[in-house]
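Shown next: upload.tsv, given as TSV, C-alpha atoms and all ligand atoms.
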chain	number	residue	atom	x	y	z
A	1	MET	CA	20.92	-24.89	-25.81
A	2	ASN	CA	20.50	-21.57	-27.51
A	3	ALA	CA	23.44	-19.30	-26.75
A	4	GLU	CA	21.05	-16.33	-27.01
A	5	ILE	CA	19.34	-17.43	-23.76
A	6	VAL	CA	22.64	-17.49	-21.95
A	7	LYS	CA	23.51	-14.13	-23.45
A	8	THR	CA	20.24	-12.63	-22.19
A	9	GLN	CA	20.86	-14.08	-18.73
A	10	MET	CA	24.37	-12.64	-18.73
A	11	LYS	CA	22.98	-9.22	-19.57
A	12	SER	CA	20.42	-9.51	-16.77
A	13	LEU	CA	23.26	-10.37	-14.43
A	14	LYS	CA	25.16	-7.33	-15.71
A	15	LEU	CA	27.89	-9.53	-17.23
A	16	SER	CA	28.00	-7.34	-20.31
A	17	THR	CA	31.54	-8.17	-21.43
A	18	ALA	CA	30.91	-11.92	-21.11
A	19	ALA	CA	27.67	-11.51	-23.09
A	20	ARG	CA	29.46	-9.56	-25.81
A	21	GLU	CA	32.27	-12.10	-26.11
A	22	LEU	CA	30.20	-15.26	-25.78
A	23	ASP	CA	29.88	-15.89	-29.55
A	24	GLU	CA	33.59	-15.55	-30.18
A	25	VAL	CA	34.64	-17.71	-27.24
A	26	LEU	CA	32.02	-20.31	-28.17
A	27	ALA	CA	33.31	-20.43	-31.74
A	28	ARG	CA	36.78	-21.25	-30.45
A	29	HIS	CA	35.44	-24.03	-28.22
A	30	ARG	CA	32.90	-25.40	-30.66
A	31	GLY	CA	31.96	-28.98	-29.90
A	32	ALA	CA	33.32	-28.86	-26.37
A	33	ALA	CA	30.78	-26.39	-25.04
A	34	GLU	CA	27.49	-27.51	-23.54
A	35	LEU	CA	25.58	-24.56	-22.12
A	36	ASP	CA	22.63	-26.13	-20.32
A	37	TRP	CA	24.40	-26.35	-16.98
A	38	LEU	CA	25.53	-22.74	-17.23
A	39	SER	CA	22.04	-21.52	-18.04
A	40	GLU	CA	20.59	-23.45	-15.10
A	41	LEU	CA	23.19	-21.92	-12.81
A	42	PHE	CA	22.40	-18.41	-14.03
A	43	GLU	CA	18.70	-19.10	-13.53
A	44	HIS	CA	19.38	-19.82	-9.84
A	45	GLU	CA	21.41	-16.63	-9.52
A	46	LEU	CA	18.66	-14.56	-11.18
A	47	ASP	CA	15.94	-16.07	-8.95
A	48	ALA	CA	17.99	-15.44	-5.82
A	49	ARG	CA	18.68	-11.85	-6.81
A	50	LYS	CA	14.99	-11.25	-7.51
A	51	GLU	CA	14.04	-12.67	-4.12
A	52	ARG	CA	16.68	-10.56	-2.36
A	53	SER	CA	15.46	-7.46	-4.11
A	54	ILE	CA	11.85	-8.19	-3.04
A	55	GLN	CA	13.03	-8.67	0.55
A	56	ARG	CA	14.96	-5.38	0.42
A	57	ARG	CA	11.91	-3.55	-0.90
A	58	ILE	CA	9.66	-5.17	1.75
A	59	GLU	CA	12.05	-3.91	4.43
A	60	SER	CA	12.32	-0.42	3.01
A	61	ALA	CA	8.53	-0.20	2.58
A	62	GLY	CA	8.09	-0.37	6.37
A	63	PHE	CA	5.05	-2.67	6.42
A	64	PRO	CA	4.00	-3.19	10.06
A	65	GLU	CA	2.73	-6.67	9.09
A	66	ILE	CA	2.71	-8.93	6.06
A	67	LYS	CA	-0.86	-9.33	4.80
A	68	THR	CA	-2.11	-10.88	1.59
A	69	LEU	CA	-5.40	-10.88	-0.27
A	70	GLU	CA	-5.23	-14.68	-0.38
A	71	GLU	CA	-5.77	-14.77	3.37
A	72	PHE	CA	-8.68	-12.30	3.23
A	73	ASP	CA	-11.97	-13.99	4.03
A	74	TRP	CA	-14.46	-12.58	1.54
A	75	LEU	CA	-17.38	-14.38	3.17
A	76	PHE	CA	-16.82	-12.68	6.52
A	77	ASN	CA	-18.30	-9.39	5.35
A	78	ARG	CA	-20.13	-9.87	2.10
A	79	LYS	CA	-20.76	-6.17	1.62
A	80	ILE	CA	-17.11	-5.56	0.80
A	81	ASP	CA	-16.75	-5.14	-2.93
A	82	ARG	CA	-14.40	-7.99	-3.83
A	83	ASN	CA	-14.34	-7.14	-7.53
A	84	LYS	CA	-13.27	-3.60	-6.84
A	85	ILE	CA	-10.45	-4.73	-4.57
A	86	GLU	CA	-9.29	-7.40	-7.01
A	87	GLU	CA	-9.31	-4.75	-9.73
A	88	LEU	CA	-7.09	-2.56	-7.51
A	89	ALA	CA	-4.84	-5.58	-6.98
A	90	LYS	CA	-4.07	-5.60	-10.70
A	91	LEU	CA	-2.16	-2.43	-9.78
A	92	ASP	CA	-3.15	-0.43	-12.87
A	93	PHE	CA	-4.05	2.36	-10.46
A	94	VAL	CA	-0.46	2.33	-9.24
A	95	ARG	CA	0.97	2.48	-12.74
A	96	GLN	CA	-1.47	5.32	-13.50
A	97	ARG	CA	-0.43	7.08	-10.26
A	98	ARG	CA	-3.97	7.23	-8.97
A	99	ILE	CA	-5.42	7.26	-5.45
A	100	ALA	CA	-7.48	4.57	-3.72
A	101	LEU	CA	-9.43	5.28	-0.55
A	102	LEU	CA	-10.43	2.40	1.71
A	103	LEU	CA	-13.14	3.74	3.97
A	104	GLY	CA	-15.33	2.17	6.59
A	105	GLN	CA	-15.85	0.98	10.07
A	106	THR	CA	-13.15	-0.22	12.35
A	107	GLY	CA	-11.92	-3.80	12.03
A	108	THR	CA	-13.38	-4.43	8.61
A	109	GLY	CA	-10.02	-5.08	6.95
A	110	LYS	CA	-9.03	-1.74	5.45
A	111	THR	CA	-5.47	-1.90	6.76
A	112	HIS	CA	-5.27	-5.56	5.80
A	113	VAL	CA	-6.23	-4.82	2.19
A	114	ALA	CA	-3.99	-1.73	2.02
A	115	LEU	CA	-0.98	-3.74	3.22
A	116	ALA	CA	-1.82	-6.56	0.81
A	117	LEU	CA	-1.92	-4.10	-2.10
A	118	GLY	CA	1.43	-2.71	-0.97
A	119	LEU	CA	2.97	-6.18	-0.79
A	120	LYS	CA	1.66	-7.06	-4.24
A	121	ALA	CA	3.23	-3.88	-5.63
A	122	VAL	CA	6.58	-4.78	-4.06
A	123	LYS	CA	6.42	-8.28	-5.56
A	124	GLU	CA	5.82	-6.73	-8.96
A	125	GLY	CA	9.03	-4.74	-8.67
A	126	LEU	CA	7.58	-1.45	-7.44
A	127	HIS	CA	8.81	0.67	-4.54
A	128	VAL	CA	6.40	1.27	-1.67
A	129	TYR	CA	6.35	3.63	1.30
A	130	CYS	CA	3.99	2.52	4.05
A	131	ALA	CA	3.16	4.41	7.25
A	132	SER	CA	0.27	5.24	9.51
A	133	VAL	CA	-0.43	8.96	9.63
A	134	LYS	CA	0.85	8.85	13.21
A	135	ARG	CA	4.17	7.39	12.08
A	136	LEU	CA	4.41	9.77	9.14
A	137	ALA	CA	3.93	12.68	11.57
A	138	GLU	CA	6.61	11.23	13.86
A	139	GLU	CA	9.03	10.76	10.96
A	140	ILE	CA	8.42	14.36	9.84
A	141	GLN	CA	8.97	15.65	13.39
A	142	ALA	CA	12.20	13.64	13.73
A	143	ALA	CA	13.40	14.88	10.33
A	144	LEU	CA	12.58	18.50	11.25
A	145	ASN	CA	14.57	18.10	14.47
A	146	LYS	CA	17.57	16.90	12.46
A	147	ASN	CA	17.03	19.49	9.74
A	148	ALA	CA	16.77	16.61	7.29
A	149	LEU	CA	13.23	16.90	5.95
A	150	ASP	CA	14.51	16.86	2.37
A	151	VAL	CA	16.08	13.44	2.87
A	152	LEU	CA	12.83	12.02	4.22
A	153	PHE	CA	10.71	13.61	1.47
A	154	ARG	CA	13.07	12.40	-1.24
A	155	ARG	CA	12.74	8.86	0.09
A	156	ILE	CA	8.95	9.04	0.18
A	157	LEU	CA	8.64	10.79	-3.18
A	158	ALA	CA	10.82	8.10	-4.77
A	159	ALA	CA	8.23	5.40	-3.98
A	160	ASP	CA	5.77	4.32	-6.67
A	161	LEU	CA	3.06	3.74	-4.09
A	162	TRP	CA	2.37	5.28	-0.67
A	163	VAL	CA	0.21	3.34	1.75
A	164	ILE	CA	-1.07	5.83	4.33
A	165	ASP	CA	-3.01	4.22	7.14
A	166	ASP	CA	-5.55	5.89	9.46
A	167	TRP	CA	-5.96	9.15	7.61
A	168	GLY	CA	-8.00	11.78	9.47
A	169	VAL	CA	-7.78	9.85	12.72
A	170	VAL	CA	-4.81	11.40	14.55
A	171	SER	CA	-4.68	15.12	15.29
A	172	MET	CA	-1.68	16.95	14.00
A	173	LYS	CA	0.22	20.07	15.01
A	174	ARG	CA	0.00	22.92	12.50
A	175	GLU	CA	3.72	22.64	11.64
A	176	ILE	CA	3.44	18.92	10.87
A	177	ALA	CA	0.14	19.27	9.01
A	178	GLU	CA	1.68	21.89	6.73
A	179	GLU	CA	4.51	19.50	5.88
A	180	VAL	CA	2.09	16.63	5.24
A	181	PHE	CA	0.10	18.75	2.78
A	182	ASP	CA	3.32	20.02	1.22
A	183	LEU	CA	4.41	16.41	0.74
A	184	LEU	CA	1.06	15.49	-0.82
A	185	ASP	CA	1.33	18.49	-3.15
A	186	ARG	CA	4.87	17.62	-4.15
A	187	ARG	CA	3.75	14.13	-5.10
A	188	LYS	CA	2.16	15.68	-8.18
A	189	LEU	CA	1.54	12.63	-10.32
A	190	GLY	CA	4.75	10.84	-9.33
A	191	SER	CA	3.27	8.24	-6.97
A	192	ALA	CA	0.04	6.39	-6.43
A	193	MET	CA	-1.54	6.36	-2.96
A	194	VAL	CA	-3.74	4.10	-0.85
A	195	PHE	CA	-5.36	5.75	2.16
A	196	THR	CA	-7.39	4.04	4.84
A	197	SER	CA	-9.75	5.82	7.21
A	198	ASN	CA	-12.44	4.82	9.64
A	199	ARG	CA	-13.61	8.42	9.93
A	200	ASP	CA	-16.34	10.06	8.00
A	201	VAL	CA	-14.78	12.10	5.20
A	202	LYS	CA	-16.36	15.28	6.52
A	203	GLU	CA	-14.53	14.79	9.84
A	204	TRP	CA	-11.08	14.55	8.26
A	205	SER	CA	-10.25	18.24	8.37
A	206	GLU	CA	-11.10	18.43	12.10
A	207	VAL	CA	-7.82	16.78	13.10
A	208	PHE	CA	-5.81	19.53	11.43
A	209	ALA	CA	-4.96	22.81	13.16
A	210	ASP	CA	-6.57	24.83	10.35
A	211	PRO	CA	-9.66	22.86	9.26
A	212	VAL	CA	-10.67	25.34	6.54
A	213	LEU	CA	-7.32	25.16	4.78
A	214	ALA	CA	-7.15	21.41	5.35
A	215	ASN	CA	-10.59	20.99	3.83
A	216	ALA	CA	-9.57	22.79	0.65
A	217	ALA	CA	-6.37	20.73	0.39
A	218	ILE	CA	-8.25	17.50	1.07
A	219	ASP	CA	-10.86	18.29	-1.61
A	220	ARG	CA	-8.11	18.96	-4.13
A	221	ILE	CA	-6.07	15.86	-3.28
A	222	PHE	CA	-8.88	13.34	-3.16
A	223	GLU	CA	-11.02	14.67	-5.99
A	224	ALA	CA	-10.20	11.82	-8.36
A	225	ALA	CA	-9.77	9.02	-5.82
A	226	GLN	CA	-11.24	5.54	-6.26
A	227	ILE	CA	-13.24	4.61	-3.19
A	228	VAL	CA	-13.86	1.22	-1.64
A	229	VAL	CA	-16.33	1.19	1.23
A	230	PHE	CA	-15.82	-1.48	3.83
A	231	GLU	CA	-19.31	-2.43	4.98
A	232	GLY	CA	-22.34	-0.22	4.41
A	233	LYS	CA	-23.55	1.38	1.25
A	234	SER	CA	-21.32	2.90	-1.35
A	235	TYR	CA	-20.98	6.66	-1.27
A	236	ARG	CA	-19.06	9.30	-3.05
A	237	LEU	CA	-16.44	11.51	-1.60
A	238	LYS	CA	-17.75	14.77	-2.97
A	239	ASP	CA	-21.22	14.10	-1.57
A	240	ARG	CA	-19.74	13.78	1.90
A	241	ILE	CA	-22.14	11.11	3.01
A	242	ALA	CA	-21.68	9.95	6.60
A	243	LEU	CA	-20.51	6.40	7.23
A	244	PRO	CA	-23.36	4.24	8.45
A	245	SER	CA	-23.37	4.00	12.21
A	246	LEU	CA	-25.79	2.35	14.58
A	247	LYS	CA	-28.08	4.47	16.73
A	248	PRO	CA	-27.88	3.63	20.49
A	249	GLU	CA	-31.24	1.84	20.39
A	250	GLU	CA	-30.00	-0.27	17.44
A	251	VAL	CA	-26.88	-1.26	19.42
A	252	VAL	CA	-29.08	-2.36	22.34
A	253	ALA	CA	-31.32	-4.32	19.97
A	254	ALA	CA	-28.28	-5.96	18.34
A	255	LYS	CA	-26.89	-6.96	21.75
A	256	ARG	CA	-30.23	-8.50	22.69
A	257	ARG	CA	-30.10	-10.64	19.56
A	258	GLU	CA	-26.53	-11.75	20.37
A	259	PRO	CA	-26.26	-15.00	22.40
A	260	ALA	CA	-25.50	-14.29	26.09
A	261	ALA	CA	-22.38	-16.49	26.02
A	262	ARG	CA	-20.74	-14.27	23.40
A	263	ARG	CA	-21.48	-11.11	25.39
A	264	GLY	CA	-19.85	-12.50	28.51
A	265	ARG	CA	-21.36	-12.72	31.98
A	266	ALA	CA	-20.78	-9.05	32.90
A	267	SER	CA	-23.12	-7.56	30.28
A	301	LIG	N1	-12.30	-10.34	5.87
A	301	LIG	C1	-11.19	-10.58	6.60
A	301	LIG	N2	-10.52	-11.74	6.41
A	301	LIG	C2	-9.43	-12.00	7.14
A	301	LIG	N3	-8.92	-11.17	8.07
A	301	LIG	C3	-9.54	-10.01	8.29
A	301	LIG	C4	-10.70	-9.64	7.57
A	301	LIG	N4	-11.11	-8.44	7.99
A	301	LIG	C5	-10.24	-8.06	8.92
A	301	LIG	N5	-9.29	-9.00	9.11
A	301	LIG	C6	-8.23	-8.99	10.12
A	301	LIG	O1	-8.74	-8.34	11.26
A	301	LIG	C7	-7.80	-7.45	11.82
A	301	LIG	C8	-8.37	-6.06	11.79
A	301	LIG	O2	-8.46	-5.66	10.44
A	301	LIG	P1	-7.83	-4.29	9.95
A	301	LIG	O3	-6.74	-3.85	10.86
A	301	LIG	O4	-7.49	-4.41	8.53
A	301	LIG	O5	-9.11	-3.34	10.17
A	301	LIG	P2	-9.31	-1.84	9.79
A	301	LIG	O6	-10.48	-1.76	8.90
A	301	LIG	O7	-8.03	-1.28	9.31
A	301	LIG	O8	-9.70	-1.19	11.21
A	301	LIG	P3	-9.38	0.27	11.80
A	301	LIG	O9	-10.34	1.21	11.17
A	301	LIG	O10	-9.64	0.12	13.27
A	301	LIG	O11	-7.96	0.58	11.51
A	301	LIG	C9	-6.52	-7.63	11.04
A	301	LIG	O12	-5.72	-8.56	11.67
A	301	LIG	C10	-7.00	-8.19	9.71
A	301	LIG	O13	-6.00	-8.99	9.09
A	302	MG	MG	-6.71	0.04	10.14
Would you give me this structure, written as structure tokens?
Ligand SMILES: Nc1ncnc2c1ncn2[C@@H]1O[C@H](COP(=O)(O)OP(=O)(O)OP(=O)(O)O)[C@@H](O)[C@H]1O
Ligand SMILES: [Mg+2]
Amino acid sequence: MNAEIVKTQMKSLKLSTAARELDEVLARHRGAAELDWLSELFEHELDARKERSIQRRIESAGFPEIKTLEEFDWLFNRKIDRNKIEELAKLDFVRQRRIALLLGQTGTGKTHVALALGLKAVKEGLHVYCASVKRLAEEIQAALNKNALDVLFRRILAADLWVIDDWGVVSMKREIAEEVFDLLDRRKLGSAMVFTSNRDVKEWSEVFADPVLANAAIDRIFEAAQIVVFEGKSYRLKDRIALPSLKPEEVVAAKRREPAARRGRAS
């Protein structure tokens, strides 16, 4: 057994004095010392610490559910760009502090994929903050009530990745909206972000008290975002293309094609 391995393990376990003195103590006990057992023991300790630290970061991230890409069924909706999502899952965009937007119709797996990306980041040692916009607004309101907004913002700004679910879906009071945009501005290039939204990009500003100001802020924030469209054709943020939606006559036609049993007796 190479004493250097044990020394490295000791350093990882913050046993710096033991690591420093290992050579000297070993020299005095030459012949009697067999280090394999010690190294194996340290390996267990290191694994357990890593696991505990992942669990701590999962808890502090605030994921509402644990979702993984492994359980995502790529055949269910073949229009979803698997390559793009798997590229995001390499987390380079997190290390580069970039923004990913998961856009598309309801129930297509945007939240699932966003949570899975967050979990992957945690497992790779990164810190994540995850909240729906509704919860973010509630946390800001609670912090304002306690005069402790700085504490909340420090916690969020310290995360490597923010997962913000349901952007542009919930309306927000002016006071809260201002704080949300302030937070997004203060992020600078310190954190990466994943946003999900089932709303058309051009509708986002409507949920804010001052849509004109919100629009300008939104343009600035999302200018360089990477977009994944869940179902439907790909489109670009700056072109403000509406999400594909069925016209009423298309819905009726689709229902006619659906077997009666699946629609239920009432329809
Ligand atoms: N392709 C898929 N494979 C496996 N599970 C999926 C898939 N798509 C969606 N789901 C599951 O379906 C449920 C709804 O998906 P999800 O919440 O991610 O949708 P969404 O796009 O965020 O919808 P909304 O816009 O309403 O928030 C979740 O439980 C999710 O895990
Ligand atoms: Mg969702």
Which residues are near ligand MG 302 (chain A) in this structure, taking near to mean any atom at most 7 Å from a ligand atom and counting only C-alpha atoms and all ligand atoms? Format them as a PyMOL selection string. chain A and resi 106-107+109-111+165-166+196
Pick from A:Lys14, A:Lys173, A:Arg82, A:Arg155, whichever lies nearest to Glu206 in chain A using only C-alpha atoms: A:Lys173
Can you work out which residues are within 9 Å of ligand LIG 301 (chain A), considering all atoms listed in the file, and then hand them over as a ChimeraX atom specification? /A:67-69,71-78,80,102-115,165-166,196-199,230
Selection above as a file: C-alpha atoms, as a PDB file, in the coordinates of the input:
ATOM      1  CA  LYS A  67      -0.860  -9.330   4.800  1.00  0.00           C
ATOM      2  CA  THR A  68      -2.110 -10.880   1.590  1.00  0.00           C
ATOM      3  CA  LEU A  69      -5.400 -10.880  -0.270  1.00  0.00           C
ATOM      4  CA  GLU A  71      -5.770 -14.770   3.370  1.00  0.00           C
ATOM      5  CA  PHE A  72      -8.680 -12.300   3.230  1.00  0.00           C
ATOM      6  CA  ASP A  73     -11.970 -13.990   4.030  1.00  0.00           C
ATOM      7  CA  TRP A  74     -14.460 -12.580   1.540  1.00  0.00           C
ATOM      8  CA  LEU A  75     -17.380 -14.380   3.170  1.00  0.00           C
ATOM      9  CA  PHE A  76     -16.820 -12.680   6.520  1.00  0.00           C
ATOM     10  CA  ASN A  77     -18.300  -9.390   5.350  1.00  0.00           C
ATOM     11  CA  ARG A  78     -20.130  -9.870   2.100  1.00  0.00           C
ATOM     12  CA  ILE A  80     -17.110  -5.560   0.800  1.00  0.00           C
ATOM     13  CA  LEU A 102     -10.430   2.400   1.710  1.00  0.00           C
ATOM     14  CA  LEU A 103     -13.140   3.740   3.970  1.00  0.00           C
ATOM     15  CA  GLY A 104     -15.330   2.170   6.590  1.00  0.00           C
ATOM     16  CA  GLN A 105     -15.850   0.980  10.070  1.00  0.00           C
ATOM     17  CA  THR A 106     -13.150  -0.220  12.350  1.00  0.00           C
ATOM     18  CA  GLY A 107     -11.920  -3.800  12.030  1.00  0.00           C
ATOM     19  CA  THR A 108     -13.380  -4.430   8.610  1.00  0.00           C
ATOM     20  CA  GLY A 109     -10.020  -5.080   6.950  1.00  0.00           C
ATOM     21  CA  LYS A 110      -9.030  -1.740   5.450  1.00  0.00           C
ATOM     22  CA  THR A 111      -5.470  -1.900   6.760  1.00  0.00           C
ATOM     23  CA  HIS A 112      -5.270  -5.560   5.800  1.00  0.00           C
ATOM     24  CA  VAL A 113      -6.230  -4.820   2.190  1.00  0.00           C
ATOM     25  CA  ALA A 114      -3.990  -1.730   2.020  1.00  0.00           C
ATOM     26  CA  LEU A 115      -0.980  -3.740   3.220  1.00  0.00           C
ATOM     27  CA  ASP A 165      -3.010   4.220   7.140  1.00  0.00           C
ATOM     28  CA  ASP A 166      -5.550   5.890   9.460  1.00  0.00           C
ATOM     29  CA  THR A 196      -7.390   4.040   4.840  1.00  0.00           C
ATOM     30  CA  SER A 197      -9.750   5.820   7.210  1.00  0.00           C
ATOM     31  CA  ASN A 198     -12.440   4.820   9.640  1.00  0.00           C
ATOM     32  CA  ARG A 199     -13.610   8.420   9.930  1.00  0.00           C
ATOM     33  CA  PHE A 230     -15.820  -1.480   3.830  1.00  0.00           C
TER      34      PHE A 230
END
A:Asn215, A:Ser191, A:Ser205, A:Asn2: which is nearest Arg95 in chain A, counting all atoms listed in the file?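 Under the stated criterion, the closest residue is A:Ser191.
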Tell me, as a list in words, which residues lie within 9 Å of Leu101 in chain A, counting all atoms listed in the file; anything in the same chain fewer than 5 positions away does not count. Met193, Val194, Phe195, Thr196, Ser197, Phe222, Ala225, Gln226, Ile227, Val228 and Val229 of chain A
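With only C-alpha atoms as the atoms that count, the minimum distance from Gln141 in chain A to the choices A:Arg28, A:Arg49, A:Lys84, A:Arg174 is reached by A:Arg174.
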Using Å and a single decimal, report how far CA of Lys50 in chain A sits from CA of Leu22 in chain A.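 These two atoms are separated by 24.1 Å.
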Can you tell me how far CA of Leu41 in chain A sits from CA of Ala18 in chain A, in Å to one decimal? 15.1 Å
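The coordinates place CA of Ala214 in chain A at 11.1 Å from CA of Lys202 in chain A.
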